[in-house]
Protein chains: 2
Amino acid sequence: MTRRVAVLCGGFGGARLAQGLQLALEPGALTAIVNTADDLELHGLAISPDLDTVMYTLAGQANLETGWGLRDETWSAAEMLARYGQPTWFRLGDRDLATHIVRTARLRDGARLTTVTAELAAALGVASRLLPMSDAPVRTQLRTAAGWLPFQVYFVERAQADEVLEVRFEGLAAAAPTAEVLEALAGAEAILLAPSNPYVSLGPILALPGLTDALRAAAAPVVAVSPIIGGAAVRGPADRMLASLGAEPSAAGVAHLFAQRYPGLVDGWLIDRLDAGQAAEIEALGARVAVTDTLMSGPAARRRVAEASLALAAAWTLARTE
Amino acid sequence: MTRRVAVLCGGFGGARLAQGLQLALEPGALTAIVNTADDLELHGLAISPDLDTVMYTLAGQANLETGWGLRDETWSAAEMLARYGQPTWFRLGDRDLATHIVRTARLRDGARLTTVTAELAAALGVASRLLPMSDAPVRTQLRTAAGWLPFQVYFVERAQADEVLEVRFEGLAAAAPTAEVLEALAGAEAILLAPSNPYVSLGPILALPGLTDALRAAAAPVVAVSPIIGGAAVRGPADRMLASLGAEPSAAGVAHLFAQRYPGLVDGWLIDRLDAGQAAEIEALGARVAVTDTLMSGPAARRRVAEASLALAAAWTLARTE
C-alpha cells in the first residue's frame, strides 16, 4: 500500500475520502490539504467549516445527522446568541463553538492557521496531518442574479437556491500554499483530488499561486475521484453549478472541465459504476480510469473507495516505471 | 418612593440588592454602577463577572444553584475547551459563553463597554440601567504569601484560600468613571452602596479618579448596607479580608473602615438586627443608622432590604430639608 498520501479536499465528500484513506493507511501517512475559502468570521469568531468537517470526521467525532459539526452536540449558546440579536443562519453548536473560540484566540495571538489546526487536531487525536491550503485568507464569492454573494451566504443562508453565474476568490493574489502544503505534495507517493465541488472546494486550492505547478512537479500521480455519480452530486450544488457554469453535469463533464482548466494535471479518474459508459471518453483526455462504487456512506465504503483510488495511483506509477 | 436611585455594587450581594431595588422602584428608575475590576480575559473572551451576575439577576435569569451564571445552563463547550487544553478553573456555561462572545466581538469592533452592556441588558429585557464603573480596564491584584495574584486567580482558581495582605488596582491612573456614571450619581435621589466586599467590589469603584468627589458633590444621600452580618460575610472572603487587612470583621468595623478611607462619605448605614448593638458606635461616626433583617435570600427579602435602605435615604433627605 502507498505510504505517503496527500489529498486535496473540501468538507463533505473530502472528509469521507480522507476518512477512508486514514483507515487504509498507516497512522500519520495521510496529509489532508483542505479548502479554506469557505471560511467566515461570525460573532467575532474565525470559523473554518471545511477544516472542521475533515477534522471532526477524522477524529470520529462528526455529527452524522447533520453532516457537519460535532456529534453529541447541544445548542444552548446558539439560542442565547439569537436572543442577543446575532445572526442565526449559521448555527454553531456548543461543542463546536469551543473549536472556534480556541482557533480565534490563537490566531489573535499571532499563530498561523496551520499551527492552530495542528494543535486542534492533535487534541482530538487525529491520526493524520491536517493542513489548511494557506495561512492567508482567501474567500469565495459567487455571482448570482442577486449579485456577488459570500460563499456561506449562498451556501447556508440562501440554501444554494441561487444559480451561480461566476466564481471568484478574494485574497488569492496575496495568498500562497504554505511550505507544509508544498512539502506534502513533493513528498507524496499519491496525490488525490477528493470528490469535492470542483469550483468552490477544489477550485480555490488549485487557484493558489504555484499550486498546480507544484502538482505537476510532484513525482506522484494525481488521481481524482469524480464528485458526480449518475449525473448528480451526492450532496451540495456541484451538479447545478456545472450546468450553470457551462459544463456537463456528469463524470465526463468534470473530467473535461479539469482537462480544460488544468491541462495534463489529472493522471487518473476514479468514477462510479453508474458512469462506466463514460470511461472511454475520459481516457481520451489522457487519463487512466478505474470504475467502482464511489458512494461513501459508511466507513467500510469510504475505505474501499480510498483503496481503489490508491490502487489507481499505484497502477499509474507501476506503468510509468515499467 | 424615591424615583431615581443609583447603586454601586459588585456581583453577589450587589445583584441581590439591585434586584430588590428594581422590585421596589418604577421600571427604569434604577441605575446599577458595577465593579469591573474583577473582569478577565480567558480563551480570548472579555468576561465581566460582576456585570453579568447583576445583569442575569435583574433579568430573572440567574443561576440560583451556583450563585453565578445563567439558569438552565449546559456545559458542552467547557468540556470541549478542556479537551483543547484550555484552562478549566474558570468554568463558563454554554449560554453564558454567548454573552462573552457578543461582548468580545462588539469591543473588538470599537464599542465602549458601557454601550455593549446596555445592548446585552436590553436584549435580556432588564428594566434597569446597567453601567460598568469605567470603560477603561482596571484589574484588582491581591498580595498574598504566594505573591501578587490577579483577582480571579485568588477568588476562583485558589478558592480564596490565601490570606490577603494588600490590594491594588492596575490601570486606575488611566481609568475614569464614565460620563454616564457621573450623570447617574448627579441625578440620583438616593445613592446606595450595596453589601459588597468593601475592598475588592466597592473599593475599585470608589478608587476611580473623581468618583468620591462626585459622590460628595451629589445632592443625594449615600446609604450603605453592611456586608457583614453577625461578624461574617454572607458569601465570599470579606470578613477574612477585613481581619487580615487590619479592620474588625463586624458591621461597625466596616463603618470605621469607610469613615477612615472616605471621611464623611456615608450618610447612612443599614445594618442587621444581629448587629443592632453596634448602632451607637456607627452613629458616633456621623451617620444615621437603621436596623433590619438584611439577609436577602429571596425576592421578597431583597425588596424589603431595598425599601429599608431607600427609607433611610428618604429620612436623611427629609431631616436635611426640615
# chains A, B, ... in the order shown; residues from 1 in each chain; ligands from 1
>>> interface_residues(of="chain A", to="chain B", cutoff="12 Å", atoms="only C-alpha atoms", output="MDAnalysis selection string")
chainID A and resid 41:46 61 70:87 92:109 116:125
>>> calpha_fit_and_write(fixed="chain A", moving="chain B", output="CSV table (one decimal) with C-alpha atoms, in the first residue's frame")
chain,number,residue,atom,x,y,z
B,1,MET,CA,0.1,0.1,0.0
B,2,THR,CA,1.2,3.6,-0.8
B,3,ARG,CA,2.9,5.2,2.2
B,4,ARG,CA,2.7,8.9,2.0
B,5,VAL,CA,-0.5,10.3,0.5
B,6,ALA,CA,-1.8,13.8,0.1
B,7,VAL,CA,-5.5,14.5,-0.5
B,8,LEU,CA,-6.9,17.9,-1.6
B,9,CYS,CA,-10.4,18.3,-0.3
B,10,GLY,CA,-13.3,20.3,0.8
B,11,GLY,CA,-15.7,19.4,3.5
B,12,PHE,CA,-18.3,16.7,2.9
B,13,GLY,CA,-17.0,14.4,0.2
B,14,GLY,CA,-13.5,15.3,1.1
B,15,ALA,CA,-13.9,14.3,4.7
B,16,ARG,CA,-15.4,11.0,3.7
B,17,LEU,CA,-12.5,10.1,1.3
B,18,ALA,CA,-10.0,11.4,3.9
B,19,GLN,CA,-11.5,9.0,6.5
B,20,GLY,CA,-11.3,6.1,4.0
B,21,LEU,CA,-7.7,6.9,3.4
B,22,GLN,CA,-6.9,7.2,7.1
B,23,LEU,CA,-8.5,3.7,7.6
B,24,ALA,CA,-6.5,2.3,4.6
B,25,LEU,CA,-3.1,3.8,5.5
B,26,GLU,CA,-0.7,3.6,8.4
B,27,PRO,CA,-1.2,6.3,11.1
B,28,GLY,CA,0.4,9.6,10.0
B,29,ALA,CA,0.7,8.6,6.3
B,30,LEU,CA,-2.1,10.9,5.2
B,31,THR,CA,-2.0,14.6,4.8
B,32,ALA,CA,-5.3,16.3,4.1
B,33,ILE,CA,-4.9,19.7,2.4
B,34,VAL,CA,-8.2,21.5,3.0
B,35,ASN,CA,-10.0,24.4,1.3
B,36,THR,CA,-10.3,27.5,3.5
B,37,ALA,CA,-12.0,29.7,1.0
B,38,ASP,CA,-15.3,28.8,2.7
B,39,ASP,CA,-14.1,30.3,6.0
B,40,LEU,CA,-16.0,33.1,7.6
B,41,GLU,CA,-16.0,35.3,10.6
B,42,LEU,CA,-19.2,35.3,12.6
B,43,HIS,CA,-19.8,36.6,16.2
B,44,GLY,CA,-16.1,37.7,16.0
B,45,LEU,CA,-15.0,34.1,15.7
B,46,ALA,CA,-12.8,32.6,13.0
B,47,ILE,CA,-14.8,29.7,11.5
B,48,SER,CA,-13.2,27.1,9.1
B,49,PRO,CA,-16.1,24.8,8.1
B,50,ASP,CA,-14.2,22.5,5.8
B,51,LEU,CA,-11.2,22.1,8.1
B,52,ASP,CA,-13.5,21.3,10.9
B,53,THR,CA,-15.6,18.8,9.0
B,54,VAL,CA,-12.5,17.0,8.0
B,55,MET,CA,-11.1,17.2,11.5
B,56,TYR,CA,-14.2,16.0,13.2
B,57,THR,CA,-14.6,13.2,10.7
B,58,LEU,CA,-11.0,12.0,11.1
B,59,ALA,CA,-11.4,12.2,14.9
B,60,GLY,CA,-14.5,10.0,14.7
B,61,GLN,CA,-16.5,13.0,16.2
B,62,ALA,CA,-18.5,14.0,13.2
B,63,ASN,CA,-22.3,14.6,13.6
B,64,LEU,CA,-23.8,12.0,11.2
B,65,GLU,CA,-27.2,13.5,11.4
B,66,THR,CA,-26.4,17.0,10.2
B,67,GLY,CA,-23.4,16.1,8.0
B,68,TRP,CA,-21.5,19.0,9.7
B,69,GLY,CA,-20.4,19.8,13.2
B,70,LEU,CA,-19.8,17.5,16.2
B,71,ARG,CA,-21.7,14.6,17.5
B,72,ASP,CA,-23.4,14.7,20.9
B,73,GLU,CA,-23.9,18.4,20.3
B,74,THR,CA,-26.0,20.9,22.3
B,75,TRP,CA,-27.3,24.3,21.2
B,76,SER,CA,-27.6,26.5,24.3
B,77,ALA,CA,-25.2,29.2,23.1
B,78,ALA,CA,-26.9,29.5,19.8
B,79,GLU,CA,-30.3,30.2,21.5
B,80,MET,CA,-28.6,32.8,23.6
B,81,LEU,CA,-26.8,34.4,20.6
B,82,ALA,CA,-30.2,34.7,18.9
B,83,ARG,CA,-31.5,36.4,22.0
B,84,TYR,CA,-28.7,38.9,21.7
B,85,GLY,CA,-29.8,39.6,18.1
B,86,GLN,CA,-26.9,37.9,16.5
B,87,PRO,CA,-27.4,36.4,13.0
B,88,THR,CA,-28.9,32.9,13.3
B,89,TRP,CA,-28.5,31.5,9.8
B,90,PHE,CA,-25.1,29.9,10.5
B,91,ARG,CA,-25.8,27.7,13.6
B,92,LEU,CA,-22.9,26.8,15.8
B,93,GLY,CA,-23.2,24.0,18.4
B,94,ASP,CA,-21.8,24.5,21.9
B,95,ARG,CA,-19.0,21.9,21.5
B,96,ASP,CA,-18.2,23.3,18.0
B,97,LEU,CA,-18.0,26.8,19.5
B,98,ALA,CA,-15.1,25.7,21.6
B,99,THR,CA,-13.1,25.0,18.4
B,100,HIS,CA,-13.8,28.4,17.0
B,101,ILE,CA,-13.1,30.1,20.3
B,102,VAL,CA,-9.7,28.4,20.6
B,103,ARG,CA,-8.8,29.0,17.0
B,104,THR,CA,-9.8,32.7,17.2
B,105,ALA,CA,-7.7,33.2,20.4
B,106,ARG,CA,-4.7,31.5,18.9
B,107,LEU,CA,-4.9,33.4,15.6
B,108,ARG,CA,-5.2,36.7,17.5
B,109,ASP,CA,-2.1,35.7,19.4
B,110,GLY,CA,-0.3,35.6,16.1
B,111,ALA,CA,-0.3,31.9,15.5
B,112,ARG,CA,-0.6,30.6,11.9
B,113,LEU,CA,-3.8,28.8,10.9
B,114,THR,CA,-1.5,25.8,10.0
B,115,THR,CA,-0.2,25.7,13.6
B,116,VAL,CA,-3.6,26.2,15.2
B,117,THR,CA,-5.1,23.5,13.0
B,118,ALA,CA,-2.4,21.0,14.0
B,119,GLU,CA,-2.9,21.8,17.7
B,120,LEU,CA,-6.7,21.3,17.5
B,121,ALA,CA,-6.4,18.1,15.5
B,122,ALA,CA,-3.7,16.7,17.9
B,123,ALA,CA,-6.0,17.5,20.9
B,124,LEU,CA,-8.8,15.5,19.2
B,125,GLY,CA,-6.4,12.6,18.5
B,126,VAL,CA,-6.5,12.9,14.7
B,127,ALA,CA,-4.0,10.3,13.3
B,128,SER,CA,-3.5,12.3,10.0
B,129,ARG,CA,-2.0,15.6,9.2
B,130,LEU,CA,-4.5,18.3,8.6
B,131,LEU,CA,-3.3,21.4,6.6
B,132,PRO,CA,-5.2,24.5,5.6
B,133,MET,CA,-4.4,25.2,2.0
B,134,SER,CA,-3.0,28.6,3.0
B,135,ASP,CA,-2.4,30.7,6.1
B,136,ALA,CA,-3.7,33.8,4.2
B,137,PRO,CA,-7.4,34.5,3.9
B,138,VAL,CA,-9.0,33.5,0.6
B,139,ARG,CA,-12.7,34.0,0.3
B,140,THR,CA,-15.0,32.6,-2.3
B,141,GLN,CA,-17.6,34.9,-3.8
B,142,LEU,CA,-20.4,33.7,-6.2
B,143,ARG,CA,-22.1,35.9,-8.7
B,144,THR,CA,-25.8,35.2,-8.9
B,145,ALA,CA,-28.9,37.1,-10.0
B,146,ALA,CA,-28.8,38.7,-6.5
B,147,GLY,CA,-25.3,40.0,-7.1
B,148,TRP,CA,-22.0,38.7,-5.7
B,149,LEU,CA,-22.6,36.6,-2.5
B,150,PRO,CA,-20.0,35.4,0.0
B,151,PHE,CA,-19.8,31.6,-0.1
B,152,GLN,CA,-21.6,30.8,3.2
B,153,VAL,CA,-24.4,33.3,2.4
B,154,TYR,CA,-25.0,31.4,-0.8
B,155,PHE,CA,-24.4,28.0,0.7
B,156,VAL,CA,-26.1,28.2,4.1
B,157,GLU,CA,-28.2,31.4,4.4
B,158,ARG,CA,-29.7,31.1,1.0
B,159,ALA,CA,-29.5,27.3,0.9
B,160,GLN,CA,-27.9,27.2,-2.6
B,161,ALA,CA,-31.1,28.4,-4.2
B,162,ASP,CA,-29.3,30.9,-6.4
B,163,GLU,CA,-28.0,30.0,-9.8
B,164,VAL,CA,-24.2,30.5,-9.8
B,165,LEU,CA,-23.1,32.6,-12.8
B,166,GLU,CA,-19.4,33.2,-11.9
B,167,VAL,CA,-17.0,32.3,-9.2
B,168,ARG,CA,-14.1,34.4,-7.8
B,169,PHE,CA,-11.7,34.0,-4.9
B,170,GLU,CA,-10.9,37.2,-3.0
B,171,GLY,CA,-7.4,37.4,-1.5
B,172,LEU,CA,-5.9,35.0,-3.9
B,173,ALA,CA,-3.2,37.3,-5.1
B,174,ALA,CA,-1.8,37.8,-1.6
B,175,ALA,CA,-2.2,34.1,-0.7
B,176,ALA,CA,0.1,31.2,-1.3
B,177,PRO,CA,0.1,27.5,-0.4
B,178,THR,CA,2.1,27.0,2.8
B,179,ALA,CA,5.5,25.4,3.0
B,180,GLU,CA,3.8,22.5,4.7
B,181,VAL,CA,1.4,22.0,1.7
B,182,LEU,CA,4.2,22.2,-0.9
B,183,GLU,CA,6.3,19.8,1.2
B,184,ALA,CA,3.4,17.3,1.5
B,185,LEU,CA,2.8,17.4,-2.3
B,186,ALA,CA,6.5,17.0,-3.1
B,187,GLY,CA,6.9,14.1,-0.7
B,188,ALA,CA,3.7,12.2,-1.6
B,189,GLU,CA,3.6,8.9,-3.4
B,190,ALA,CA,0.0,9.6,-4.4
B,191,ILE,CA,-1.9,12.8,-4.6
B,192,LEU,CA,-5.7,12.5,-4.6
B,193,LEU,CA,-8.4,15.0,-5.5
B,194,ALA,CA,-11.4,14.3,-3.3
B,195,PRO,CA,-14.9,14.1,-4.8
B,196,SER,CA,-15.4,17.7,-3.7
B,197,ASN,CA,-17.0,20.5,-5.6
B,198,PRO,CA,-14.7,21.3,-8.5
B,199,TYR,CA,-15.5,25.1,-8.4
B,200,VAL,CA,-15.7,26.0,-4.8
B,201,SER,CA,-13.9,23.3,-2.9
B,202,LEU,CA,-11.0,22.1,-5.1
B,203,GLY,CA,-11.2,25.3,-7.2
B,204,PRO,CA,-9.7,27.7,-4.5
B,205,ILE,CA,-6.9,25.2,-3.6
B,206,LEU,CA,-5.9,24.8,-7.3
B,207,ALA,CA,-6.1,28.5,-7.8
B,208,LEU,CA,-3.5,29.3,-5.2
B,209,PRO,CA,-0.4,30.8,-6.9
B,210,GLY,CA,2.0,27.9,-7.7
B,211,LEU,CA,-0.2,25.1,-6.6
B,212,THR,CA,-0.8,23.4,-9.9
B,213,ASP,CA,2.9,23.9,-10.8
B,214,ALA,CA,3.7,22.0,-7.5
B,215,LEU,CA,1.2,19.3,-8.5
B,216,ARG,CA,2.8,18.9,-11.9
B,217,ALA,CA,6.3,18.9,-10.5
B,218,ALA,CA,5.4,16.3,-7.9
B,219,ALA,CA,6.7,12.7,-8.6
B,220,ALA,CA,3.3,11.3,-7.5
B,221,PRO,CA,0.4,10.7,-9.8
B,222,VAL,CA,-2.7,12.9,-9.3
B,223,VAL,CA,-5.8,10.8,-9.1
B,224,ALA,CA,-9.3,12.4,-8.9
B,225,VAL,CA,-12.5,10.8,-7.6
B,226,SER,CA,-15.5,12.0,-9.5
B,227,PRO,CA,-17.9,14.2,-7.5
B,228,ILE,CA,-20.7,13.3,-9.9
B,229,ILE,CA,-22.5,9.9,-9.8
B,230,GLY,CA,-25.1,9.2,-12.4
B,231,GLY,CA,-25.3,12.9,-13.3
B,232,ALA,CA,-25.9,14.2,-9.7
B,233,ALA,CA,-23.8,15.4,-6.8
B,234,VAL,CA,-24.1,13.2,-3.7
B,235,ARG,CA,-24.7,16.4,-1.7
B,236,GLY,CA,-24.4,20.1,-2.5
B,237,PRO,CA,-24.8,22.1,-5.6
B,238,ALA,CA,-21.9,20.8,-7.8
B,239,ASP,CA,-24.2,19.3,-10.4
B,240,ARG,CA,-26.2,22.6,-10.7
B,241,MET,CA,-23.0,24.7,-10.7
B,242,LEU,CA,-21.6,22.5,-13.6
B,243,ALA,CA,-24.7,23.2,-15.6
B,244,SER,CA,-25.0,26.9,-14.9
B,245,LEU,CA,-21.2,27.4,-15.5
B,246,GLY,CA,-21.3,25.7,-18.9
B,247,ALA,CA,-20.1,22.2,-18.2
B,248,GLU,CA,-21.9,18.9,-18.5
B,249,PRO,CA,-23.1,17.6,-15.1
B,250,SER,CA,-21.6,14.2,-15.5
B,251,ALA,CA,-18.3,12.4,-14.6
B,252,ALA,CA,-17.1,13.0,-18.1
B,253,GLY,CA,-18.1,16.7,-17.8
B,254,VAL,CA,-16.0,17.1,-14.7
B,255,ALA,CA,-13.1,15.4,-16.4
B,256,HIS,CA,-13.4,17.7,-19.4
B,257,LEU,CA,-13.6,20.7,-17.0
B,258,PHE,CA,-10.3,19.7,-15.4
B,259,ALA,CA,-8.6,18.9,-18.7
B,260,GLN,CA,-9.6,22.3,-19.9
B,261,ARG,CA,-8.7,24.3,-16.8
B,262,TYR,CA,-5.7,22.3,-15.7
B,263,PRO,CA,-4.3,20.5,-18.8
B,264,GLY,CA,-2.4,17.3,-18.1
B,265,LEU,CA,-2.9,17.7,-14.3
B,266,VAL,CA,-5.1,14.7,-13.6
B,267,ASP,CA,-3.4,11.3,-14.3
B,268,GLY,CA,-6.3,9.1,-13.2
B,269,TRP,CA,-10.1,9.3,-12.7
B,270,LEU,CA,-12.0,7.0,-10.3
B,271,ILE,CA,-15.6,7.0,-11.5
B,272,ASP,CA,-18.8,5.3,-10.4
B,273,ARG,CA,-20.2,2.1,-11.9
B,274,LEU,CA,-23.2,4.1,-13.0
B,275,ASP,CA,-20.8,6.2,-15.2
B,276,ALA,CA,-18.8,3.3,-16.6
B,277,GLY,CA,-20.0,4.1,-20.1
B,278,GLN,CA,-18.1,7.4,-19.9
B,279,ALA,CA,-14.7,5.7,-19.2
B,280,ALA,CA,-13.5,5.8,-22.8
B,281,GLU,CA,-14.4,9.5,-23.2
B,282,ILE,CA,-12.4,10.3,-20.1
B,283,GLU,CA,-9.5,8.1,-21.1
B,284,ALA,CA,-9.4,10.0,-24.4
B,285,LEU,CA,-8.5,13.0,-22.3
B,286,GLY,CA,-5.2,11.3,-21.4
B,287,ALA,CA,-6.1,9.8,-18.0
B,288,ARG,CA,-6.3,6.3,-16.7
B,289,VAL,CA,-9.8,5.4,-15.5
B,290,ALA,CA,-10.9,3.0,-12.8
B,291,VAL,CA,-14.5,2.1,-12.0
B,292,THR,CA,-16.0,1.2,-8.6
B,293,ASP,CA,-19.0,2.0,-6.4
B,294,THR,CA,-17.9,5.5,-5.3
B,295,LEU,CA,-20.8,6.3,-2.8
B,296,MET,CA,-19.1,6.6,0.6
B,297,SER,CA,-22.0,6.1,3.1
B,298,GLY,CA,-20.1,4.2,5.9
B,299,PRO,CA,-16.5,3.7,6.9
B,300,ALA,CA,-16.3,0.4,5.0
B,301,ALA,CA,-17.3,2.0,1.7
B,302,ARG,CA,-15.0,5.0,2.4
B,303,ARG,CA,-12.1,2.7,2.9
B,304,ARG,CA,-13.0,0.8,-0.3
B,305,VAL,CA,-13.1,3.9,-2.4
B,306,ALA,CA,-9.8,5.1,-0.8
B,307,GLU,CA,-8.2,1.8,-1.6
B,308,ALA,CA,-9.5,1.9,-5.2
B,309,SER,CA,-8.1,5.4,-5.7
B,310,LEU,CA,-4.7,4.3,-4.2
B,311,ALA,CA,-4.7,1.3,-6.5
B,312,LEU,CA,-5.3,3.5,-9.5
B,313,ALA,CA,-2.3,5.7,-8.4
B,314,ALA,CA,-0.2,2.6,-7.8
B,315,ALA,CA,-1.1,1.3,-11.3
B,316,TRP,CA,0.0,4.6,-12.8
B,317,THR,CA,3.3,4.6,-11.0
B,318,LEU,CA,3.9,1.0,-12.0
B,319,ALA,CA,3.1,1.7,-15.6
B,320,ARG,CA,5.5,4.6,-15.7
B,321,THR,CA,8.4,2.7,-14.1
B,322,GLU,CA,8.0,-0.3,-16.4
>>> select_by_dssp(residues="stretch 29-219 of chain B", states="helix (DSSP H, G or I)", output="PyMOL selection string")
chain B and resi 49-58+76-83+94-108+113-123+151-157+172-174+179-187+202-207+211-217
